[in-house]
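Participant: The structure file coords35.csv (CSV, N, CA, C and O atoms) is provided below.
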```csv
chain,number,residue,atom,x,y,z
A,141,MET,N,0.8,-1.2,0.0
A,141,MET,CA,0.0,0.0,0.0
A,141,MET,C,0.9,1.2,0.0
A,141,MET,O,1.9,1.3,0.7
A,142,ASN,N,0.4,2.2,-0.7
A,142,ASN,CA,1.3,3.4,-0.9
A,142,ASN,C,0.8,4.5,0.1
A,142,ASN,O,-0.2,4.5,0.8
A,143,VAL,N,1.7,5.6,0.1
A,143,VAL,CA,1.5,6.7,1.1
A,143,VAL,C,0.2,7.4,0.7
A,143,VAL,O,-0.6,7.8,1.6
A,144,GLU,N,-0.1,7.6,-0.6
A,144,GLU,CA,-1.4,8.3,-1.0
A,144,GLU,C,-2.6,7.6,-0.4
A,144,GLU,O,-3.6,8.2,0.0
A,145,PHE,N,-2.6,6.2,-0.4
A,145,PHE,CA,-3.7,5.5,0.1
A,145,PHE,C,-3.9,5.7,1.5
A,145,PHE,O,-5.1,6.0,2.0
A,146,PHE,N,-2.9,5.7,2.3
A,146,PHE,CA,-3.0,6.0,3.8
A,146,PHE,C,-3.4,7.4,4.0
A,146,PHE,O,-4.2,7.7,4.9
A,147,ALA,N,-2.9,8.3,3.2
A,147,ALA,CA,-3.3,9.7,3.4
A,147,ALA,C,-4.8,9.9,3.1
A,147,ALA,O,-5.5,10.6,3.8
A,148,GLN,N,-5.3,9.2,2.1
A,148,GLN,CA,-6.7,9.3,1.7
A,148,GLN,C,-7.6,8.7,2.9
A,148,GLN,O,-8.6,9.2,3.2
A,149,LEU,N,-7.1,7.6,3.4
A,149,LEU,CA,-7.9,7.0,4.6
A,149,LEU,C,-7.9,7.9,5.7
A,149,LEU,O,-8.9,8.0,6.4
A,150,PHE,N,-6.8,8.6,6.0
A,150,PHE,CA,-6.7,9.5,7.1
A,150,PHE,C,-7.7,10.7,6.9
A,150,PHE,O,-8.5,11.1,7.8
A,151,GLU,N,-7.7,11.2,5.7
A,151,GLU,CA,-8.7,12.3,5.4
A,151,GLU,C,-10.1,11.8,5.4
A,151,GLU,O,-11.0,12.5,5.8
A,152,GLN,N,-10.4,10.6,4.9
A,152,GLN,CA,-11.7,10.0,5.0
A,152,GLN,C,-12.2,9.9,6.4
A,152,GLN,O,-13.3,10.3,6.7
A,153,HIS,N,-11.3,9.5,7.3
A,153,HIS,CA,-11.7,9.4,8.7
A,153,HIS,C,-12.0,10.8,9.3
A,153,HIS,O,-12.9,10.9,10.1
A,154,ALA,N,-11.2,11.8,8.9
A,154,ALA,CA,-11.4,13.1,9.4
A,154,ALA,C,-12.8,13.6,8.9
A,154,ALA,O,-13.5,14.3,9.7
A,155,LEU,N,-13.1,13.3,7.7
A,155,LEU,CA,-14.4,13.8,7.1
A,155,LEU,C,-15.6,13.1,7.8
A,155,LEU,O,-16.6,13.7,8.1
A,156,LEU,N,-15.4,11.8,8.1
A,156,LEU,CA,-16.5,11.1,8.8
A,156,LEU,C,-16.7,11.6,10.2
A,156,LEU,O,-17.8,11.7,10.7
A,157,ASN,N,-15.6,11.9,10.9
A,157,ASN,CA,-15.7,12.5,12.2
A,157,ASN,C,-16.4,13.9,12.1
A,157,ASN,O,-17.2,14.2,13.0
A,158,PHE,N,-16.1,14.7,11.1
A,158,PHE,CA,-16.7,16.0,10.9
A,158,PHE,C,-18.2,15.8,10.7
A,158,PHE,O,-19.0,16.5,11.3
A,159,LYS,N,-18.6,14.8,9.9
A,159,LYS,CA,-20.0,14.5,9.6
A,159,LYS,C,-20.8,14.1,10.8
A,159,LYS,O,-21.9,14.5,11.0
A,160,GLN,N,-20.2,13.4,11.7
A,160,GLN,CA,-20.9,12.8,12.9
A,160,GLN,C,-21.4,13.9,13.8
A,160,GLN,O,-22.4,13.7,14.5
A,161,ASP,N,-20.8,15.1,13.7
A,161,ASP,CA,-21.3,16.2,14.6
A,161,ASP,C,-22.2,17.2,13.9
A,161,ASP,O,-22.6,18.2,14.5
A,162,LEU,N,-22.5,16.9,12.6
A,162,LEU,CA,-23.4,17.8,11.9
A,162,LEU,C,-24.8,17.2,11.9
A,162,LEU,O,-25.0,16.0,12.0
A,163,ILE,N,-25.7,18.1,11.9
A,163,ILE,CA,-27.1,17.8,11.7
A,163,ILE,C,-27.4,18.1,10.3
A,163,ILE,O,-27.3,19.2,9.8
A,164,ASP,N,-27.8,17.1,9.5
A,164,ASP,CA,-28.0,17.2,8.1
A,164,ASP,C,-29.4,16.8,7.7
A,164,ASP,O,-29.7,15.7,7.4
A,165,PRO,N,-30.4,17.7,7.9
A,165,PRO,CA,-31.8,17.4,7.8
A,165,PRO,C,-32.2,16.8,6.4
A,165,PRO,O,-33.2,16.1,6.3
A,166,LEU,N,-31.5,17.2,5.3
A,166,LEU,CA,-31.9,16.7,4.0
A,166,LEU,C,-31.0,15.5,3.6
A,166,LEU,O,-31.1,15.0,2.5
A,167,ASN,N,-30.2,15.0,4.5
A,167,ASN,CA,-29.3,13.9,4.2
A,167,ASN,C,-28.4,14.1,3.0
A,167,ASN,O,-28.2,13.2,2.2
A,168,GLN,N,-27.9,15.3,2.9
A,168,GLN,CA,-27.1,15.7,1.8
A,168,GLN,C,-25.7,14.9,1.8
A,168,GLN,O,-25.1,14.8,0.7
A,169,LEU,N,-25.3,14.5,2.9
A,169,LEU,CA,-24.0,13.8,3.0
A,169,LEU,C,-24.2,12.3,3.1
A,169,LEU,O,-23.4,11.6,3.6
A,170,SER,N,-25.3,11.8,2.5
A,170,SER,CA,-25.5,10.3,2.6
A,170,SER,C,-24.5,9.5,1.8
A,170,SER,O,-24.3,8.3,2.1
A,171,SER,N,-23.8,10.1,0.9
A,171,SER,CA,-22.7,9.4,0.2
A,171,SER,C,-21.4,9.3,1.0
A,171,SER,O,-20.6,8.5,0.7
A,172,TRP,N,-21.4,10.0,2.2
A,172,TRP,CA,-20.2,9.9,3.1
A,172,TRP,C,-20.4,8.7,4.0
A,172,TRP,O,-20.9,8.7,5.1
A,173,THR,N,-19.9,7.5,3.5
A,173,THR,CA,-20.0,6.3,4.3
A,173,THR,C,-18.6,5.7,4.4
A,173,THR,O,-17.7,5.9,3.6
A,174,VAL,N,-18.5,4.8,5.4
A,174,VAL,CA,-17.2,4.2,5.7
A,174,VAL,C,-16.7,3.3,4.5
A,174,VAL,O,-15.5,3.3,4.2
A,175,ASP,N,-17.7,2.7,3.8
A,175,ASP,CA,-17.3,1.8,2.7
A,175,ASP,C,-17.3,2.5,1.4
A,175,ASP,O,-17.0,1.9,0.3
A,176,GLY,N,-17.6,3.8,1.3
A,176,GLY,CA,-17.6,4.6,0.1
A,176,GLY,C,-16.2,5.2,-0.2
A,176,GLY,O,-15.4,5.3,0.7
A,177,ASP,N,-16.0,5.5,-1.5
A,177,ASP,CA,-14.8,6.1,-1.9
A,177,ASP,C,-14.9,7.6,-1.7
A,177,ASP,O,-15.7,8.3,-2.4
A,178,CYS,N,-14.2,8.2,-0.8
A,178,CYS,CA,-14.4,9.6,-0.4
A,178,CYS,C,-14.0,10.5,-1.6
A,178,CYS,O,-14.4,11.7,-1.6
A,179,CYS,N,-13.4,10.0,-2.6
A,179,CYS,CA,-13.1,10.9,-3.8
A,179,CYS,C,-14.4,11.2,-4.5
A,179,CYS,O,-14.4,12.2,-5.3
A,180,TYR,N,-15.4,10.5,-4.3
A,180,TYR,CA,-16.7,10.7,-5.0
A,180,TYR,C,-17.8,11.1,-4.1
A,180,TYR,O,-19.0,11.2,-4.5
A,181,TRP,N,-17.5,11.5,-2.9
A,181,TRP,CA,-18.5,12.0,-2.0
A,181,TRP,C,-19.0,13.4,-2.4
A,181,TRP,O,-18.2,14.3,-2.8
A,182,LEU,N,-20.3,13.6,-2.3
A,182,LEU,CA,-20.9,14.9,-2.6
A,182,LEU,C,-20.2,16.0,-1.7
A,182,LEU,O,-20.1,15.9,-0.5
A,183,GLY,N,-19.8,17.1,-2.4
A,183,GLY,CA,-19.2,18.2,-1.7
A,183,GLY,C,-17.8,18.1,-1.4
A,183,GLY,O,-17.2,19.1,-0.9
A,184,VAL,N,-17.1,17.0,-1.7
A,184,VAL,CA,-15.7,16.9,-1.4
A,184,VAL,C,-14.9,17.0,-2.7
A,184,VAL,O,-15.2,16.3,-3.7
A,185,VAL,N,-14.0,18.0,-2.8
A,185,VAL,CA,-13.2,18.2,-4.0
A,185,VAL,C,-11.8,17.8,-3.7
A,185,VAL,O,-11.1,18.3,-2.7
A,186,TYR,N,-11.3,16.9,-4.5
A,186,TYR,CA,-9.9,16.4,-4.4
A,186,TYR,C,-9.0,17.1,-5.4
A,186,TYR,O,-9.5,17.4,-6.5
A,187,HIS,N,-7.8,17.4,-5.0
A,187,HIS,CA,-6.8,17.9,-6.0
A,187,HIS,C,-6.3,16.8,-6.9
A,187,HIS,O,-6.0,15.7,-6.4
A,188,ASN,N,-6.3,17.0,-8.2
A,188,ASN,CA,-6.0,16.0,-9.1
A,188,ASN,C,-4.6,15.5,-9.0
A,188,ASN,O,-4.3,14.3,-9.2
A,189,LEU,N,-3.6,16.4,-8.6
A,189,LEU,CA,-2.2,16.0,-8.5
A,189,LEU,C,-1.8,15.4,-7.2
A,189,LEU,O,-1.1,14.4,-7.1
A,190,THR,N,-2.3,16.1,-6.1
A,190,THR,CA,-1.9,15.6,-4.8
A,190,THR,C,-2.8,14.5,-4.2
A,190,THR,O,-2.4,13.9,-3.2
A,191,THR,N,-4.0,14.4,-4.7
A,191,THR,CA,-5.0,13.5,-4.2
A,191,THR,C,-5.4,13.8,-2.8
A,191,THR,O,-5.9,12.9,-2.1
A,192,HIS,N,-5.3,15.0,-2.3
A,192,HIS,CA,-5.7,15.4,-1.0
A,192,HIS,C,-7.0,16.2,-1.1
A,192,HIS,O,-7.3,16.7,-2.2
A,193,VAL,N,-7.8,16.2,0.0
A,193,VAL,CA,-9.0,17.0,0.0
A,193,VAL,C,-8.6,18.4,-0.2
A,193,VAL,O,-7.7,18.9,0.6
A,194,HIS,N,-9.1,19.1,-1.2
A,194,HIS,CA,-8.7,20.4,-1.5
A,194,HIS,C,-9.8,21.4,-1.1
A,194,HIS,O,-9.4,22.5,-0.7
A,195,GLN,N,-11.0,21.1,-1.2
A,195,GLN,CA,-12.1,22.0,-0.9
A,195,GLN,C,-13.3,21.2,-0.4
A,195,GLN,O,-13.5,20.0,-0.7
A,196,LEU,N,-14.2,21.8,0.4
A,196,LEU,CA,-15.5,21.3,0.8
A,196,LEU,C,-16.5,22.2,0.3
A,196,LEU,O,-16.4,23.4,0.6
A,197,HIS,N,-17.5,21.8,-0.5
A,197,HIS,CA,-18.6,22.6,-1.0
A,197,HIS,C,-19.8,22.2,-0.2
A,197,HIS,O,-20.6,21.3,-0.7
A,198,LEU,N,-20.1,22.8,0.9
A,198,LEU,CA,-21.2,22.4,1.7
A,198,LEU,C,-22.0,23.6,2.1
A,198,LEU,O,-21.8,24.2,3.1
A,199,ARG,N,-22.9,24.0,1.2
A,199,ARG,CA,-23.6,25.2,1.5
A,199,ARG,C,-25.1,25.0,1.0
A,199,ARG,O,-25.3,24.2,0.1
A,200,SER,N,-25.9,25.8,1.6
A,200,SER,CA,-27.3,25.8,1.2
A,200,SER,C,-27.6,27.0,0.5
A,200,SER,O,-27.0,28.1,0.7
A,201,PHE,N,-28.5,27.0,-0.4
A,201,PHE,CA,-28.9,28.2,-1.2
A,201,PHE,C,-30.2,28.7,-0.8
A,201,PHE,O,-31.2,28.0,-0.9
A,202,PRO,N,-30.2,29.9,-0.3
A,202,PRO,CA,-31.4,30.5,0.3
A,202,PRO,C,-32.4,30.8,-0.8
A,202,PRO,O,-32.1,31.1,-1.9
A,203,ASP,N,-33.7,30.7,-0.4
A,203,ASP,CA,-34.8,31.0,-1.3
A,203,ASP,C,-35.8,31.8,-0.4
A,203,ASP,O,-36.5,31.2,0.4
A,204,TYR,N,-35.8,33.1,-0.6
A,204,TYR,CA,-36.6,33.9,0.3
A,204,TYR,C,-37.9,34.5,-0.3
A,204,TYR,O,-38.4,35.5,0.1
A,205,GLU,N,-38.4,33.8,-1.3
A,205,GLU,CA,-39.6,34.4,-2.0
A,205,GLU,C,-40.8,34.5,-1.1
A,205,GLU,O,-41.5,35.5,-1.3
A,206,THR,N,-41.0,33.6,-0.3
A,206,THR,CA,-42.1,33.6,0.6
A,206,THR,C,-41.6,33.3,2.0
A,206,THR,O,-40.5,32.6,2.2
A,207,GLU,N,-42.4,33.6,3.0
A,207,GLU,CA,-42.0,33.2,4.4
A,207,GLU,C,-42.0,31.7,4.6
A,207,GLU,O,-41.1,31.2,5.3
A,208,GLU,N,-42.9,31.0,3.9
A,208,GLU,CA,-42.9,29.6,4.0
A,208,GLU,C,-41.6,29.0,3.4
A,208,GLU,O,-41.0,28.0,4.0
A,209,ARG,N,-41.1,29.5,2.3
A,209,ARG,CA,-39.9,29.0,1.7
A,209,ARG,C,-38.7,29.3,2.6
A,209,ARG,O,-37.8,28.6,2.7
A,210,TYR,N,-38.7,30.5,3.2
A,210,TYR,CA,-37.7,30.9,4.1
A,210,TYR,C,-37.6,29.9,5.3
A,210,TYR,O,-36.6,29.4,5.7
A,211,GLU,N,-38.8,29.6,5.9
A,211,GLU,CA,-38.8,28.6,7.0
A,211,GLU,C,-38.3,27.2,6.5
A,211,GLU,O,-37.6,26.6,7.3
A,212,ALA,N,-38.7,26.8,5.3
A,212,ALA,CA,-38.3,25.5,4.8
A,212,ALA,C,-36.7,25.5,4.6
A,212,ALA,O,-36.1,24.6,4.9
A,213,PHE,N,-36.2,26.7,4.1
A,213,PHE,CA,-34.8,26.8,4.0
A,213,PHE,C,-34.1,26.7,5.3
A,213,PHE,O,-33.1,26.0,5.4
A,214,LYS,N,-34.6,27.3,6.3
A,214,LYS,CA,-34.0,27.3,7.7
A,214,LYS,C,-33.9,25.9,8.2
A,214,LYS,O,-33.0,25.4,8.8
A,215,ARG,N,-35.0,25.1,7.9
A,215,ARG,CA,-35.1,23.7,8.4
A,215,ARG,C,-34.1,22.8,7.7
A,215,ARG,O,-33.7,21.8,8.1
A,216,SER,N,-33.7,23.2,6.4
A,216,SER,CA,-32.8,22.4,5.6
A,216,SER,C,-31.4,22.6,5.8
A,216,SER,O,-30.5,21.9,5.3
A,217,MET,N,-31.0,23.7,6.6
A,217,MET,CA,-29.6,24.0,6.7
A,217,MET,C,-28.9,23.1,7.6
A,217,MET,O,-29.4,22.5,8.5
A,218,PHE,N,-27.6,22.9,7.3
A,218,PHE,CA,-26.7,22.2,8.2
A,218,PHE,C,-26.7,22.9,9.6
A,218,PHE,O,-26.7,24.1,9.6
A,219,SER,N,-26.5,22.1,10.6
A,219,SER,CA,-26.3,22.7,11.9
A,219,SER,C,-25.5,21.7,12.7
A,219,SER,O,-25.0,20.7,12.2
A,220,GLY,N,-25.3,22.0,14.0
A,220,GLY,CA,-24.4,21.2,14.8
A,220,GLY,C,-23.2,21.9,15.2
A,220,GLY,O,-23.1,23.1,15.2
A,221,LYS,N,-22.1,21.2,15.5
A,221,LYS,CA,-20.9,21.8,15.8
A,221,LYS,C,-19.8,21.4,14.8
A,221,LYS,O,-19.9,20.4,14.1
A,222,LEU,N,-18.8,22.3,14.7
A,222,LEU,CA,-17.7,22.0,13.9
A,222,LEU,C,-16.7,21.1,14.6
A,222,LEU,O,-16.1,21.5,15.6
A,223,ASN,N,-16.5,19.9,14.1
A,223,ASN,CA,-15.6,18.9,14.7
A,223,ASN,C,-14.2,19.3,14.5
A,223,ASN,O,-13.9,19.7,13.3
A,224,PRO,N,-13.3,19.3,15.5
A,224,PRO,CA,-11.9,19.7,15.3
A,224,PRO,C,-11.2,18.8,14.3
A,224,PRO,O,-10.1,19.1,13.9
A,225,SER,N,-11.8,17.7,13.8
A,225,SER,CA,-11.2,16.8,12.8
A,225,SER,C,-10.9,17.6,11.5
A,225,SER,O,-10.1,17.2,10.7
A,226,LEU,N,-11.6,18.7,11.3
A,226,LEU,CA,-11.4,19.5,10.1
A,226,LEU,C,-9.9,20.0,10.1
A,226,LEU,O,-9.4,20.2,9.0
A,227,LEU,N,-9.3,20.1,11.2
A,227,LEU,CA,-7.9,20.6,11.3
A,227,LEU,C,-7.0,19.5,10.8
A,227,LEU,O,-5.8,19.9,10.4
A,228,ASP,N,-7.4,18.3,10.6
A,228,ASP,CA,-6.6,17.2,10.0
A,228,ASP,C,-6.6,17.3,8.5
A,228,ASP,O,-5.8,16.6,7.9
A,229,LEU,N,-7.4,18.1,7.9
A,229,LEU,CA,-7.4,18.3,6.5
A,229,LEU,C,-6.5,19.4,6.2
A,229,LEU,O,-6.9,20.6,6.0
A,230,LYS,N,-5.2,19.1,6.1
A,230,LYS,CA,-4.2,20.1,6.0
A,230,LYS,C,-4.1,20.8,4.6
A,230,LYS,O,-3.4,21.8,4.5
A,231,HIS,N,-4.8,20.3,3.6
A,231,HIS,CA,-4.6,20.8,2.3
A,231,HIS,C,-5.8,21.6,1.8
A,231,HIS,O,-5.9,21.9,0.6
A,232,LEU,N,-6.8,21.9,2.7
A,232,LEU,CA,-7.9,22.7,2.3
A,232,LEU,C,-7.5,24.1,2.0
A,232,LEU,O,-6.6,24.7,2.6
A,233,ILE,N,-8.1,24.7,1.0
A,233,ILE,CA,-7.8,26.1,0.7
A,233,ILE,C,-9.1,26.9,0.9
A,233,ILE,O,-10.2,26.4,0.9
```
Could you render the structure from this file as structure tokens?
Facilitator:
Amino acid sequence: MNVEFFAQLFEQHALLNFKQDLIDPLNQLSSWTVDGDCCYWLGVVYHNLTTHVHQLHLRSFPDYETEERYEAFKRSMFSGKLNPSLLDLKHLI
């Protein structure tokens, strides 16, 4: 096994720890599983050359046309706490 493989496992573990402290009402991170390939997880961007997690795209898009839509948007947002495992993702920009 090579160094890149172990680095990817380490980053996958950090992402899973991060996920466990999030409240994800729409189950947007359902692709983030122990047996899944984290290179293909929704919202995770890997750098093509380094194969490290480069970016996380985890945002909700507000829709404030009506009060009902605003309330639905608020219920769909991520919440919880930021797990310190994010600090293990050394290559985020």
Participant: Wanna dump the range 180-210 of chain A-range 148-162 of chain A contacts at 10 Å for me, each residue with its shortest atom pair and the distance in Å to one decimal, counting only C-alpha atoms, ordered by chain and number, as a Markdown table?
Facilitator:
```
| residue | atom | partner | partner_atom | distance |
| --- | --- | --- | --- | --- |
| A:Trp181 | CA | A:Gln152 | CA | 10.0 |
| A:Val184 | CA | A:Leu155 | CA | 9.1 |
| A:Tyr186 | CA | A:Gln148 | CA | 9.9 |
| A:Thr191 | CA | A:Gln148 | CA | 7.4 |
| A:His192 | CA | A:Gln148 | CA | 6.7 |
| A:Val193 | CA | A:Glu151 | CA | 7.2 |
| A:Leu196 | CA | A:Leu155 | CA | 9.9 |
```
Participant: Please identify which residues in chain A DSSP calls strand (DSSP E) from the backbone, and express them as a ChimeraX atom specification.
Facilitator: /A:162-163,184-186,193-196,219-220
Participant: Report, in Å to a single decimal, how far apart atom N of Phe145 in chain A and atom N of Leu169 in chain A are.
Facilitator: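 Separation between atom N of Leu169 in chain A and atom N of Phe145 in chain A: 24.4 Å.
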Participant: With only C-alpha atoms as the basis for distance, which of A:Val174, A:Cys179, A:Phe146, A:Val185 is at the shortest distance from Leu232 in chain A?
Facilitator: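 That would be A:Val185, the residue with the smallest distance to Leu232 in chain A.
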Participant: Which one of A:Gly220, A:Gly183, A:Gly176, A:Pro165 sits closest to Gln195 in chain A if you count all atoms listed in the file?
Facilitator: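 Nearest to Gln195 in chain A: A:Gly183.
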Participant: Atom N of His197 in chain A and atom O of Leu226 in chain A are how many Å apart?
Facilitator: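 Atom O of Leu226 in chain A lies 12.6 Å from atom N of His197 in chain A.
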Participant: Report the distance between CA of Leu229 in chain A and CA of Asn142 in chain A in Å, rounded to one decimal place.
Facilitator: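 Pair CA of Leu229 in chain A / CA of Asn142 in chain A returns 18.8 Å.
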Participant: So which bits of chain A end up alpha helix (DSSP H) when you DSSP the backbone, as a JSON list (two decimals) with N, CA, C and O atoms, in the coordinates of the input?
Facilitator:
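Output file out.json is given in full below:
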```json
[["chain", "number", "residue", "atom", "x", "y", "z"],
["A", 143, "VAL", "N", 1.70, 5.60, 0.10],
["A", 143, "VAL", "CA", 1.50, 6.70, 1.10],
["A", 143, "VAL", "C", 0.20, 7.40, 0.70],
["A", 143, "VAL", "O", -0.60, 7.80, 1.60],
["A", 144, "GLU", "N", -0.10, 7.60, -0.60],
["A", 144, "GLU", "CA", -1.40, 8.30, -1.00],
["A", 144, "GLU", "C", -2.60, 7.60, -0.40],
["A", 144, "GLU", "O", -3.60, 8.20, 0.00],
["A", 145, "PHE", "N", -2.60, 6.20, -0.40],
["A", 145, "PHE", "CA", -3.70, 5.50, 0.10],
["A", 145, "PHE", "C", -3.90, 5.70, 1.50],
["A", 145, "PHE", "O", -5.10, 6.00, 2.00],
["A", 146, "PHE", "N", -2.90, 5.70, 2.30],
["A", 146, "PHE", "CA", -3.00, 6.00, 3.80],
["A", 146, "PHE", "C", -3.40, 7.40, 4.00],
["A", 146, "PHE", "O", -4.20, 7.70, 4.90],
["A", 147, "ALA", "N", -2.90, 8.30, 3.20],
["A", 147, "ALA", "CA", -3.30, 9.70, 3.40],
["A", 147, "ALA", "C", -4.80, 9.90, 3.10],
["A", 147, "ALA", "O", -5.50, 10.60, 3.80],
["A", 148, "GLN", "N", -5.30, 9.20, 2.10],
["A", 148, "GLN", "CA", -6.70, 9.30, 1.70],
["A", 148, "GLN", "C", -7.60, 8.70, 2.90],
["A", 148, "GLN", "O", -8.60, 9.20, 3.20],
["A", 149, "LEU", "N", -7.10, 7.60, 3.40],
["A", 149, "LEU", "CA", -7.90, 7.00, 4.60],
["A", 149, "LEU", "C", -7.90, 7.90, 5.70],
["A", 149, "LEU", "O", -8.90, 8.00, 6.40],
["A", 150, "PHE", "N", -6.80, 8.60, 6.00],
["A", 150, "PHE", "CA", -6.70, 9.50, 7.10],
["A", 150, "PHE", "C", -7.70, 10.70, 6.90],
["A", 150, "PHE", "O", -8.50, 11.10, 7.80],
["A", 151, "GLU", "N", -7.70, 11.20, 5.70],
["A", 151, "GLU", "CA", -8.70, 12.30, 5.40],
["A", 151, "GLU", "C", -10.10, 11.80, 5.40],
["A", 151, "GLU", "O", -11.00, 12.50, 5.80],
["A", 152, "GLN", "N", -10.40, 10.60, 4.90],
["A", 152, "GLN", "CA", -11.70, 10.00, 5.00],
["A", 152, "GLN", "C", -12.20, 9.90, 6.40],
["A", 152, "GLN", "O", -13.30, 10.30, 6.70],
["A", 153, "HIS", "N", -11.30, 9.50, 7.30],
["A", 153, "HIS", "CA", -11.70, 9.40, 8.70],
["A", 153, "HIS", "C", -12.00, 10.80, 9.30],
["A", 153, "HIS", "O", -12.90, 10.90, 10.10],
["A", 154, "ALA", "N", -11.20, 11.80, 8.90],
["A", 154, "ALA", "CA", -11.40, 13.10, 9.40],
["A", 154, "ALA", "C", -12.80, 13.60, 8.90],
["A", 154, "ALA", "O", -13.50, 14.30, 9.70],
["A", 155, "LEU", "N", -13.10, 13.30, 7.70],
["A", 155, "LEU", "CA", -14.40, 13.80, 7.10],
["A", 155, "LEU", "C", -15.60, 13.10, 7.80],
["A", 155, "LEU", "O", -16.60, 13.70, 8.10],
["A", 156, "LEU", "N", -15.40, 11.80, 8.10],
["A", 156, "LEU", "CA", -16.50, 11.10, 8.80],
["A", 156, "LEU", "C", -16.70, 11.60, 10.20],
["A", 156, "LEU", "O", -17.80, 11.70, 10.70],
["A", 157, "ASN", "N", -15.60, 11.90, 10.90],
["A", 157, "ASN", "CA", -15.70, 12.50, 12.20],
["A", 157, "ASN", "C", -16.40, 13.90, 12.10],
["A", 157, "ASN", "O", -17.20, 14.20, 13.00],
["A", 158, "PHE", "N", -16.10, 14.70, 11.10],
["A", 158, "PHE", "CA", -16.70, 16.00, 10.90],
["A", 158, "PHE", "C", -18.20, 15.80, 10.70],
["A", 158, "PHE", "O", -19.00, 16.50, 11.30],
["A", 159, "LYS", "N", -18.60, 14.80, 9.90],
["A", 159, "LYS", "CA", -20.00, 14.50, 9.60],
["A", 159, "LYS", "C", -20.80, 14.10, 10.80],
["A", 159, "LYS", "O", -21.90, 14.50, 11.00],
["A", 160, "GLN", "N", -20.20, 13.40, 11.70],
["A", 160, "GLN", "CA", -20.90, 12.80, 12.90],
["A", 160, "GLN", "C", -21.40, 13.90, 13.80],
["A", 160, "GLN", "O", -22.40, 13.70, 14.50],
["A", 207, "GLU", "N", -42.40, 33.60, 3.00],
["A", 207, "GLU", "CA", -42.00, 33.20, 4.40],
["A", 207, "GLU", "C", -42.00, 31.70, 4.60],
["A", 207, "GLU", "O", -41.10, 31.20, 5.30],
["A", 208, "GLU", "N", -42.90, 31.00, 3.90],
["A", 208, "GLU", "CA", -42.90, 29.60, 4.00],
["A", 208, "GLU", "C", -41.60, 29.00, 3.40],
["A", 208, "GLU", "O", -41.00, 28.00, 4.00],
["A", 209, "ARG", "N", -41.10, 29.50, 2.30],
["A", 209, "ARG", "CA", -39.90, 29.00, 1.70],
["A", 209, "ARG", "C", -38.70, 29.30, 2.60],
["A", 209, "ARG", "O", -37.80, 28.60, 2.70],
["A", 210, "TYR", "N", -38.70, 30.50, 3.20],
["A", 210, "TYR", "CA", -37.70, 30.90, 4.10],
["A", 210, "TYR", "C", -37.60, 29.90, 5.30],
["A", 210, "TYR", "O", -36.60, 29.40, 5.70],
["A", 211, "GLU", "N", -38.80, 29.60, 5.90],
["A", 211, "GLU", "CA", -38.80, 28.60, 7.00],
["A", 211, "GLU", "C", -38.30, 27.20, 6.50],
["A", 211, "GLU", "O", -37.60, 26.60, 7.30],
["A", 212, "ALA", "N", -38.70, 26.80, 5.30],
["A", 212, "ALA", "CA", -38.30, 25.50, 4.80],
["A", 212, "ALA", "C", -36.70, 25.50, 4.60],
["A", 212, "ALA", "O", -36.10, 24.60, 4.90],
["A", 213, "PHE", "N", -36.20, 26.70, 4.10],
["A", 213, "PHE", "CA", -34.80, 26.80, 4.00],
["A", 213, "PHE", "C", -34.10, 26.70, 5.30],
["A", 213, "PHE", "O", -33.10, 26.00, 5.40],
["A", 214, "LYS", "N", -34.60, 27.30, 6.30],
["A", 214, "LYS", "CA", -34.00, 27.30, 7.70],
["A", 214, "LYS", "C", -33.90, 25.90, 8.20],
["A", 214, "LYS", "O", -33.00, 25.40, 8.80],
["A", 215, "ARG", "N", -35.00, 25.10, 7.90],
["A", 215, "ARG", "CA", -35.10, 23.70, 8.40],
["A", 215, "ARG", "C", -34.10, 22.80, 7.70],
["A", 215, "ARG", "O", -33.70, 21.80, 8.10],
["A", 216, "SER", "N", -33.70, 23.20, 6.40],
["A", 216, "SER", "CA", -32.80, 22.40, 5.60],
["A", 216, "SER", "C", -31.40, 22.60, 5.80],
["A", 216, "SER", "O", -30.50, 21.90, 5.30]]
```
Participant: Using all atoms listed in the file, pick whichever of A:Thr173, A:Asp164, A:Leu189, A:Leu182 has the shortest atom-to-atom distance to Met217 in chain A.
Facilitator: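 Among the listed residues, A:Asp164 lies closest to Met217 in chain A.
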Participant: Find the residue from A:Ala147, A:Arg199, A:Cys178, A:Ser171 that sits nearest to Ser216 in chain A; use only C-alpha atoms when measuring.
Facilitator: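 Among the listed residues, A:Arg199 lies closest to Ser216 in chain A.
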Participant: Can you sort out the box for range 212-220 of chain A, edges along x, y and z, all listed atoms in, 3 Å on every side, with centre and edge lengths in Å to one decimal, as AutoDock Vina command-line options?
Facilitator:
```
--center_x -30.9 --center_y 24.0 --center_z 9.6 --size_x 21.6 --size_y 12.6 --size_z 17.2
```
